[in-house]
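Below is one structure, written out as structure tokens, with a few remarks after it.
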Amino acid sequence: MGRYLKARNPEIVIVGADPEGSIYSGGPDGVRPYLVEGVGEDFWPETFDPSVVDRYVTVSDKDSFLAARRLAMVEGILAGGSGGTAIHAALQVAAELTDPQALIAVILPDGGRSYLSKVYNDAWMTEHGFLERSGDARVGDVLARKHAGTDASTRPPLVVVHTHQRVRDAVSLLHEHGVSQLPVVSANDRASVVGSIGERGLLAHAVTDAALLDAAIVDVMEPPLPAVSSTDPVREAVALLTGERQALLVTDGSAPAGIVTRADLLEALAR
């Protein structure tokens, strides 16, 4: 494949995504065992032409497996550990590029169905040190990670909408802050969460209510989001997200502190 692509475009760069411990990128003295299957090697096959590969990116077992899990969570693509190796290497190469017109094609060598008891098994991943021990990650850590890189002095502690406001106000807040759920608080007490409003519920109302945008929040709001303490383990929080529930209200003491979504929590488990 590399030969063909170079024949079509001599400027193309062929990157080999290789496990740490493979002879391709580490040489004979760097060979050691690794857990990613079906990629790399500990000897030079006669069928391999090293001149085709312009550079290698070496990837650890942990980075390979976490990339594969994230690919499944974010994109819905179930790939094997070698696919995670390729994705991690592609993202590293992409981070080095400055040309906005550059194109990267990445090949995922294998599906993930054969690795459900390994790469996609939390117990196996934890046993090998690729995931934190159960209970280590807290909901407050997930919330802090969401706010990382933002200015705490200008960031509102929690974006809310009041019962007396209109649906159009809630829609503006959803778009402005890039969120899908908002707590509804009492007009007289910001700390008193009395309901919630979200994109999914608004869409359901919009089907039968043409004047929805001018409706009062109190008339269309849904029950409050389930609450979880910032000190609770992430795994316990995930268990609360059953059925149609997509988000949880995080409390710090007795005060509401923020919202974490299903995707936020699953991403924390995949790290």
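Convention: chains lettered A, B, ... in structure tokens order; per-chain residue numbering from 1; ligands numbered from 1 as shown.
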- Task: Identify, with DSSP run on backbone atoms, the residues in segment 145-252 of chain A assigned to alpha helix (DSSP H), and express the list as an MDAnalysis selection string.
- Result: chainID A and resid 145:147 167:177 199:206 217:220 234:240
Based on the backbone DSSP call, show me all residues of segment 168-231 of chain A assigned strand (DSSP E), as a PDB file with N, CA and C atoms, in the first residue's frame.
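Final file, part.pdb:
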```
ATOM      1  N   GLN A 181     -28.196  20.511  28.950  1.00  0.00           N
ATOM      2  CA  GLN A 181     -29.085  20.456  30.106  1.00  0.00           C
ATOM      3  C   GLN A 181     -28.856  21.688  30.975  1.00  0.00           C
ATOM      4  N   LEU A 182     -29.928  22.191  31.566  1.00  0.00           N
ATOM      5  CA  LEU A 182     -29.828  23.312  32.508  1.00  0.00           C
ATOM      6  C   LEU A 182     -30.690  23.026  33.736  1.00  0.00           C
ATOM      7  N   PRO A 183     -30.177  23.284  34.946  1.00  0.00           N
ATOM      8  CA  PRO A 183     -31.030  23.216  36.125  1.00  0.00           C
ATOM      9  C   PRO A 183     -31.975  24.422  36.144  1.00  0.00           C
ATOM     10  N   VAL A 184     -33.160  24.217  36.641  1.00  0.00           N
ATOM     11  CA  VAL A 184     -34.112  25.311  36.836  1.00  0.00           C
ATOM     12  C   VAL A 184     -34.162  25.623  38.326  1.00  0.00           C
ATOM     13  N   VAL A 185     -33.944  26.900  38.662  1.00  0.00           N
ATOM     14  CA  VAL A 185     -33.922  27.294  40.069  1.00  0.00           C
ATOM     15  C   VAL A 185     -35.074  28.228  40.359  1.00  0.00           C
ATOM     16  N   SER A 186     -35.412  28.305  41.643  1.00  0.00           N
ATOM     17  CA  SER A 186     -36.465  29.209  42.079  1.00  0.00           C
ATOM     18  C   SER A 186     -36.051  30.649  41.838  1.00  0.00           C
ATOM     19  N   ASP A 189     -34.463  31.930  45.029  1.00  0.00           N
ATOM     20  CA  ASP A 189     -33.362  31.216  45.679  1.00  0.00           C
ATOM     21  C   ASP A 189     -32.572  30.442  44.631  1.00  0.00           C
ATOM     22  N   ARG A 190     -31.403  30.976  44.263  1.00  0.00           N
ATOM     23  CA  ARG A 190     -30.588  30.354  43.226  1.00  0.00           C
ATOM     24  C   ARG A 190     -30.121  28.957  43.617  1.00  0.00           C
ATOM     25  N   ALA A 191     -30.005  28.696  44.913  1.00  0.00           N
ATOM     26  CA  ALA A 191     -29.516  27.401  45.371  1.00  0.00           C
ATOM     27  C   ALA A 191     -30.614  26.346  45.417  1.00  0.00           C
ATOM     28  N   SER A 192     -31.855  26.760  45.186  1.00  0.00           N
ATOM     29  CA  SER A 192     -32.974  25.831  45.260  1.00  0.00           C
ATOM     30  C   SER A 192     -33.319  25.332  43.860  1.00  0.00           C
ATOM     31  N   VAL A 193     -32.871  24.126  43.517  1.00  0.00           N
ATOM     32  CA  VAL A 193     -33.120  23.537  42.198  1.00  0.00           C
ATOM     33  C   VAL A 193     -34.487  22.863  42.213  1.00  0.00           C
ATOM     34  N   VAL A 194     -35.385  23.352  41.350  1.00  0.00           N
ATOM     35  CA  VAL A 194     -36.761  22.845  41.356  1.00  0.00           C
ATOM     36  C   VAL A 194     -37.102  22.045  40.103  1.00  0.00           C
ATOM     37  N   GLY A 195     -36.214  22.027  39.128  1.00  0.00           N
ATOM     38  CA  GLY A 195     -36.494  21.288  37.906  1.00  0.00           C
ATOM     39  C   GLY A 195     -35.304  21.313  36.979  1.00  0.00           C
ATOM     40  N   SER A 196     -35.519  20.890  35.736  1.00  0.00           N
ATOM     41  CA  SER A 196     -34.459  20.901  34.734  1.00  0.00           C
ATOM     42  C   SER A 196     -35.091  21.134  33.366  1.00  0.00           C
ATOM     43  N   ILE A 197     -34.270  21.561  32.442  1.00  0.00           N
ATOM     44  CA  ILE A 197     -34.732  21.757  31.076  1.00  0.00           C
ATOM     45  C   ILE A 197     -33.594  21.374  30.142  1.00  0.00           C
ATOM     46  N   GLY A 198     -33.917  20.651  29.069  1.00  0.00           N
ATOM     47  CA  GLY A 198     -32.871  20.164  28.178  1.00  0.00           C
ATOM     48  C   GLY A 198     -33.332  20.140  26.736  1.00  0.00           C
ATOM     49  N   ALA A 227     -29.147  14.110  41.742  1.00  0.00           N
ATOM     50  CA  ALA A 227     -28.002  14.780  42.355  1.00  0.00           C
ATOM     51  C   ALA A 227     -26.968  13.756  42.813  1.00  0.00           C
ATOM     52  N   VAL A 228     -25.699  14.144  42.692  1.00  0.00           N
ATOM     53  CA  VAL A 228     -24.597  13.304  43.131  1.00  0.00           C
ATOM     54  C   VAL A 228     -23.562  14.208  43.785  1.00  0.00           C
ATOM     55  N   SER A 229     -22.940  13.735  44.839  1.00  0.00           N
ATOM     56  CA  SER A 229     -21.931  14.531  45.536  1.00  0.00           C
ATOM     57  C   SER A 229     -20.623  14.557  44.763  1.00  0.00           C
TER      58      SER A 229
END
```
- Query: What does the distance from atom CA of Ala67 of chain A to atom CA of Val119 of chain A come to in Å, to one decimal?
  - Reply: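 These atoms are spaced 10.2 Å apart.
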- Message: Restricting the calculation to only C-alpha atoms: of A:Gln246, A:Gln101, A:Ser82, A:Asn9, which residue gets closest to Val179 of chain A?
- Response: A:Gln246
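Of the residues under consideration (A:Gly76, A:Gly243, A:Pro19, A:Gly2), A:Pro19 shows the shortest atom-to-atom contact distance to Val36 of chain A when counting only C-alpha atoms.
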